Amino acid sequence: MNENNQQEFKRELGLFDGTMLVVGSMIGSGIFIVSADIVRQVGSAGWLTLIWILTGLITVIAAVSYGELSALFPKAGGQYVYLKEAYGKLTGFLYGWSFFAVIQTGTIAAVGVAFSKFAAYLYEPLSDENIVFELSSFKLNAAQIVSIMTIVLLTYINSRGVKNSKIMLTVLTIVKILSLFGLIIFGFLLAAKADVWEANWTNAWSTKSFNIDNGSWLPISGTALITGISAAMVGSLFSSDAWNGVTFIAGEIKNPKRNVGLSLFLGTLIVSVIYVLANLMYLAVIPLDEIATAKSDRVAVVASQYILGDIGTLIIALMIMISTFACNNGLIMAGARVYYTMAKDGLFFKKAAVLNASSVPAWALWAQCIWASVLCLTGKYGDLLDFVVIIVLIFYILTIYGIFVLRKKMPDAERPYKAFGYPFLPFLYLVLSSAISVALLVTKTDTCGWGVLIMLIGIPVYYMMRSKEESSIEF
């Protein structure tokens with residue numbers, strides 16, 4: 001293959017493929033487990049539902065706003081490109097740095113850990129309690145090995161070309177959507193009980209938190225309520241993230257000026273509707289106390305037991321394994337395109353800018369694989385969520401505000417699609433997301449603060465790289 005072909009992506013993905021990437025990347029393990037923690041934090045059916053609706057609203061607003069940016073810059077790199085064009089190379093680099101260090105790799109690791117936890121349902125020796133290697137304080141368990149193996153396998157598949165990964169992503173995502181809708185429909189038809197629904201919606205807006213130690217509820221208000229809502233939204237926002245992955249592979253989307261923005265809207269809308277319906281099903285089937293105390297937070301397992309009996313546990317485990325596997329496929333596919341674009345700008349290792357014979361950035365894929373595998377060894381799913389969510393929100397806020405910046409900076413640029421509801425909806429997103437970010441930093445400083453610190457470390461790294469800009473960056 002000649003040099004020119006090596007440096008060109010193949011446009012092999014249509015609108016349906018783009019939508020499936022958005023849906024497949026968004027739906028991982030979160031919808032099956034995080035509602036338990038949300039209920040413990042806010043303690044009522046009304047607030048549980050409102051948090052999922054608010055999360056869906058925020059996500060869809062952001063997605064339709066991104067449509068303008070994706071049409072303005074229809075090339076690989078997505079959010080990195082938007083930030084660089086709006087604010088300059090430093091901001092673009094800080095996003096790329098955070099993306100590689102925490103956002104994408106941390107999400108891949110968390111989803112991989114979730115896959116392994118449910119694999120242990122089918123074969124117990126794969127659990128995190130099975131220690132296979134120990135050296136001093138370091139312990140390697142079977143679940144971590146499974147997590148890493150899935151990441152390596154998916155990276156290999158993606159390194160063979162976008163066509164193969166596209167087919168697998170589409171098939172698994174369709175299975176995932178049908179399975180979730182099946183769980184929701186059968187839940188309402190076979191297991192919903194009027195007395196459970198009525199009991200759960202009694203005092204629907206009475207806020208309280210659950211004390212795990214003594215199993216009691218405590219009324220909350222004021223600062224405690226803000227803390228509870230902030231903590232609750234970490235899980236719902238994480239479960240609704242990764243929708244922007246389709247912007248990273250815009251270089252491989254057919255008619256990207258139209259299809260990227262439309263994929264964002266359709267994908268986020270589909271997932272947001274599924275999430276709200278799933279939680280309404282939980283409330284129709286499971287008493288609120290049982291949602292809060294679900295073993296290992298596996299609310300969907302409890303629901304499936306009510307719906308299908310003991311076999312429900314195995315069915316839901318298979319569903320979540322398919323869901324997380326498809327999710328990581330989309331994340332791995334999209335992530336490497338950001339490092340590729342950064343390398344093209346001289347802001348990442350030079351080898352990341354090289355496409356292999358299958359027209360994919362294989363070196364970038366394997367670098368991402370290695371770091372995500374290292375993060376898997378931490379095994380701390382909850383901390384990864386806090387690290388990821390706060391940085392994701394900060395850069396989403398900057399990107400949405402970038403629409404305002406670019407309208408002034410590039411007033412005459414062709415905009416085939418303009419942000420829906422501009423300026424009201426983008427401004428509403430900025431207000432809501434900023435409030436959540438501030439609340440997270442105040443109430444979860446110990447974890448979110450570290451996430452912000454990792455991001456800021458990128459500033460001296462950027463200037464060190466700039467000082468060596470004339471020399472080649474090799475790895």
# chains A, B, ... in the order shown; residues from 1 in each chain; ligands from 1

$ residues_around --residues "A:Asp241" --least-positions-apart "2" --cutoff "9 Å" --atoms "only C-alpha atoms" --output "mmCIF file with C-alpha atoms, in the first residue's frame"
data_model
loop_
_atom_site.group_PDB
_atom_site.id
_atom_site.type_symbol
_atom_site.label_atom_id
_atom_site.label_comp_id
_atom_site.auth_asym_id
_atom_site.auth_seq_id
_atom_site.Cartn_x
_atom_site.Cartn_y
_atom_site.Cartn_z
ATOM 1 C CA SER A 25 -20.845 2.845 23.429
ATOM 2 C CA MET A 26 -23.380 4.344 25.843
ATOM 3 C CA ILE A 27 -25.072 1.183 27.114
ATOM 4 C CA THR A 59 -27.147 14.247 27.197
ATOM 5 C CA SER A 236 -26.325 8.139 35.769
ATOM 6 C CA LEU A 237 -23.961 10.491 33.909
ATOM 7 C CA PHE A 238 -21.313 7.780 33.597
ATOM 8 C CA SER A 239 -23.965 5.380 32.282
ATOM 9 C CA TRP A 243 -22.067 9.127 23.109
ATOM 10 C CA ASN A 244 -19.518 11.441 21.474
ATOM 11 C CA VAL A 389 -17.173 12.006 35.245
ATOM 12 C CA VAL A 392 -15.778 14.582 31.123
#

$ select_by_dssp --residues "stretch 168-309 of chain A" --states "strand (DSSP E)" --output "list of chain:residue names"
A:Lys208, A:Ser209, A:Phe210, A:Asn211, A:Ser216, A:Trp217, A:Leu218, A:Pro219

$ residues_around --residues "A:Ile151" --least-positions-apart "4" --cutoff "8 Å" --atoms "only C-alpha atoms" --output "number ranges by chain"
A: 108, 112, 147, 155, 328, 369, 372-373

$ write_last_selection --atoms "N, CA, C and O atoms" --output "PDB file, in the first residue's frame"
ATOM      1  N   ILE A 108     -12.862   2.339  29.569  1.00  0.00           N
ATOM      2  CA  ILE A 108     -12.629   0.990  29.037  1.00  0.00           C
ATOM      3  C   ILE A 108     -12.317   0.022  30.172  1.00  0.00           C
ATOM      4  O   ILE A 108     -12.830  -1.108  30.216  1.00  0.00           O
ATOM      5  N   GLY A 112     -14.577  -3.078  31.396  1.00  0.00           N
ATOM      6  CA  GLY A 112     -13.947  -4.398  31.410  1.00  0.00           C
ATOM      7  C   GLY A 112     -14.098  -5.091  32.750  1.00  0.00           C
ATOM      8  O   GLY A 112     -14.358  -6.302  32.823  1.00  0.00           O
ATOM      9  N   SER A 147     -10.784  -9.214  32.421  1.00  0.00           N
ATOM     10  CA  SER A 147     -10.962  -7.842  31.929  1.00  0.00           C
ATOM     11  C   SER A 147      -9.914  -7.505  30.885  1.00  0.00           C
ATOM     12  O   SER A 147     -10.223  -6.985  29.798  1.00  0.00           O
ATOM     13  N   THR A 155      -9.136  -5.079  20.968  1.00  0.00           N
ATOM     14  CA  THR A 155      -8.121  -4.257  20.302  1.00  0.00           C
ATOM     15  C   THR A 155      -7.597  -4.967  19.060  1.00  0.00           C
ATOM     16  O   THR A 155      -7.423  -4.345  18.001  1.00  0.00           O
ATOM     17  N   ASN A 328     -17.385  -1.800  25.061  1.00  0.00           N
ATOM     18  CA  ASN A 328     -15.938  -1.628  24.969  1.00  0.00           C
ATOM     19  C   ASN A 328     -15.451  -1.674  23.531  1.00  0.00           C
ATOM     20  O   ASN A 328     -14.455  -1.027  23.185  1.00  0.00           O
ATOM     21  N   CYS A 369      -4.717   0.134  24.632  1.00  0.00           N
ATOM     22  CA  CYS A 369      -4.939  -1.180  25.238  1.00  0.00           C
ATOM     23  C   CYS A 369      -4.045  -1.388  26.457  1.00  0.00           C
ATOM     24  O   CYS A 369      -4.502  -1.861  27.510  1.00  0.00           O
ATOM     25  N   ALA A 372      -5.132   0.988  29.419  1.00  0.00           N
ATOM     26  CA  ALA A 372      -6.419   0.555  29.970  1.00  0.00           C
ATOM     27  C   ALA A 372      -6.242  -0.735  30.777  1.00  0.00           C
ATOM     28  O   ALA A 372      -6.879  -0.920  31.822  1.00  0.00           O
ATOM     29  N   SER A 373      -5.368  -1.616  30.309  1.00  0.00           N
ATOM     30  CA  SER A 373      -5.103  -2.868  31.027  1.00  0.00           C
ATOM     31  C   SER A 373      -4.442  -2.600  32.377  1.00  0.00           C
ATOM     32  O   SER A 373      -4.754  -3.253  33.380  1.00  0.00           O
TER      33      SER A 373
END

$ residues_around --residues "A:Phe186" --least-positions-apart "3" --cutoff "10 Å" --atoms "only C-alpha atoms" --output "PyMOL selection string"
chain A and resi 180-183+189-192+281+304+307-308

$ select_by_dssp --residues "stretch 256-450 of chain A" --states "helix (DSSP H, G or I)" --output "PyMOL selection string"
chain A and resi 256-285+288-292+295-297+299-308+311-344+350-353+362-376+381-409+424-443+445-450

$ closest_residue --among "A:Pro74, A:Gly251, A:Pro256, A:Gly187" --to "A:Ala284" --atoms "only C-alpha atoms"
A:Gly187

$ decode --residues "stretch 6-44 of chain A" --atoms "N, CA and C atoms" --output "CSV table (one decimal), in the first residue's frame"
chain,number,residue,atom,x,y,z
A,6,GLN,N,-2.0,4.8,3.0
A,6,GLN,CA,-1.8,4.5,4.4
A,6,GLN,C,-2.3,5.7,5.3
A,7,GLN,N,-2.3,6.9,4.7
A,7,GLN,CA,-2.7,8.0,5.6
A,7,GLN,C,-4.2,8.4,5.3
A,8,GLU,N,-5.0,7.6,4.8
A,8,GLU,CA,-6.4,7.9,4.5
A,8,GLU,C,-7.3,6.9,5.2
A,9,PHE,N,-8.3,7.4,5.9
A,9,PHE,CA,-9.3,6.5,6.5
A,9,PHE,C,-10.3,6.1,5.4
A,10,LYS,N,-10.9,4.9,5.5
A,10,LYS,CA,-12.0,4.5,4.6
A,10,LYS,C,-13.3,4.8,5.1
A,11,ARG,N,-14.1,5.5,4.3
A,11,ARG,CA,-15.5,5.9,4.8
A,11,ARG,C,-16.4,4.7,4.5
A,12,GLU,N,-16.5,3.9,5.6
A,12,GLU,CA,-17.3,2.6,5.4
A,12,GLU,C,-18.5,2.6,6.4
A,13,LEU,N,-18.8,3.6,7.2
A,13,LEU,CA,-19.8,3.6,8.1
A,13,LEU,C,-20.9,4.6,7.7
A,14,GLY,N,-22.2,4.1,7.7
A,14,GLY,CA,-23.3,4.9,7.4
A,14,GLY,C,-24.1,5.4,8.6
A,15,LEU,N,-25.2,6.0,8.4
A,15,LEU,CA,-26.0,6.6,9.5
A,15,LEU,C,-26.4,5.5,10.5
A,16,PHE,N,-26.8,4.3,10.0
A,16,PHE,CA,-27.2,3.2,11.0
A,16,PHE,C,-26.0,2.8,11.8
A,17,ASP,N,-24.8,2.7,11.1
A,17,ASP,CA,-23.6,2.3,11.9
A,17,ASP,C,-23.2,3.3,12.9
A,18,GLY,N,-23.3,4.6,12.5
A,18,GLY,CA,-23.0,5.6,13.5
A,18,GLY,C,-23.9,5.6,14.7
A,19,THR,N,-25.2,5.4,14.4
A,19,THR,CA,-26.2,5.4,15.5
A,19,THR,C,-26.0,4.2,16.4
A,20,MET,N,-25.6,3.0,15.8
A,20,MET,CA,-25.3,1.8,16.6
A,20,MET,C,-24.0,2.1,17.5
A,21,LEU,N,-23.1,2.8,16.9
A,21,LEU,CA,-21.9,3.1,17.7
A,21,LEU,C,-22.2,4.0,18.9
A,22,VAL,N,-23.1,5.0,18.7
A,22,VAL,CA,-23.5,5.8,19.9
A,22,VAL,C,-24.2,5.0,20.9
A,23,VAL,N,-25.2,4.2,20.5
A,23,VAL,CA,-26.0,3.3,21.4
A,23,VAL,C,-25.1,2.3,22.1
A,24,GLY,N,-24.3,1.6,21.2
A,24,GLY,CA,-23.4,0.6,21.8
A,24,GLY,C,-22.4,1.1,22.8
A,25,SER,N,-21.8,2.3,22.5
A,25,SER,CA,-20.8,2.8,23.4
A,25,SER,C,-21.5,3.3,24.7
A,26,MET,N,-22.7,3.8,24.6
A,26,MET,CA,-23.4,4.3,25.8
A,26,MET,C,-23.8,3.2,26.8
A,27,ILE,N,-24.5,2.2,26.3
A,27,ILE,CA,-25.1,1.2,27.1
A,27,ILE,C,-24.0,0.2,27.5
A,28,GLY,N,-23.6,0.2,28.7
A,28,GLY,CA,-22.6,-0.7,29.2
A,28,GLY,C,-23.2,-1.5,30.4
A,29,SER,N,-22.7,-1.3,31.6
A,29,SER,CA,-23.2,-2.0,32.7
A,29,SER,C,-24.0,-1.1,33.6
A,30,GLY,N,-23.9,0.3,33.5
A,30,GLY,CA,-24.5,1.2,34.4
A,30,GLY,C,-25.9,1.1,34.6
A,31,ILE,N,-26.7,0.9,33.6
A,31,ILE,CA,-28.2,0.9,33.7
A,31,ILE,C,-28.6,-0.3,34.5
A,32,PHE,N,-27.8,-1.4,34.6
A,32,PHE,CA,-28.1,-2.6,35.4
A,32,PHE,C,-27.8,-2.5,36.9
A,33,ILE,N,-27.0,-1.5,37.2
A,33,ILE,CA,-26.5,-1.5,38.6
A,33,ILE,C,-26.6,-0.1,39.4
A,34,VAL,N,-26.5,1.0,38.7
A,34,VAL,CA,-26.3,2.3,39.4
A,34,VAL,C,-27.6,2.8,40.1
A,35,SER,N,-28.7,2.3,39.7
A,35,SER,CA,-30.0,2.8,40.3
A,35,SER,C,-30.0,2.5,41.8
A,36,ALA,N,-29.3,1.4,42.2
A,36,ALA,CA,-29.3,1.1,43.6
A,36,ALA,C,-28.6,2.2,44.4
A,37,ASP,N,-27.5,2.7,43.9
A,37,ASP,CA,-26.8,3.8,44.6
A,37,ASP,C,-27.6,5.1,44.6
A,38,ILE,N,-28.3,5.3,43.4
A,38,ILE,CA,-29.1,6.5,43.3
A,38,ILE,C,-30.2,6.5,44.4
A,39,VAL,N,-30.9,5.4,44.5
A,39,VAL,CA,-31.9,5.3,45.5
A,39,VAL,C,-31.4,5.5,46.9
A,40,ARG,N,-30.2,4.9,47.2
A,40,ARG,CA,-29.6,5.1,48.5
A,40,ARG,C,-29.3,6.6,48.8
A,41,GLN,N,-28.9,7.3,47.8
A,41,GLN,CA,-28.5,8.7,47.9
A,41,GLN,C,-29.7,9.6,48.1
A,42,VAL,N,-30.8,9.4,47.4
A,42,VAL,CA,-32.0,10.3,47.4
A,42,VAL,C,-33.3,9.7,47.9
A,43,GLY,N,-33.4,8.4,47.9
A,43,GLY,CA,-34.4,7.7,48.7
A,43,GLY,C,-35.8,7.8,48.2
A,44,SER,N,-36.1,8.1,46.9
A,44,SER,CA,-37.5,8.1,46.5
A,44,SER,C,-37.6,7.8,45.0
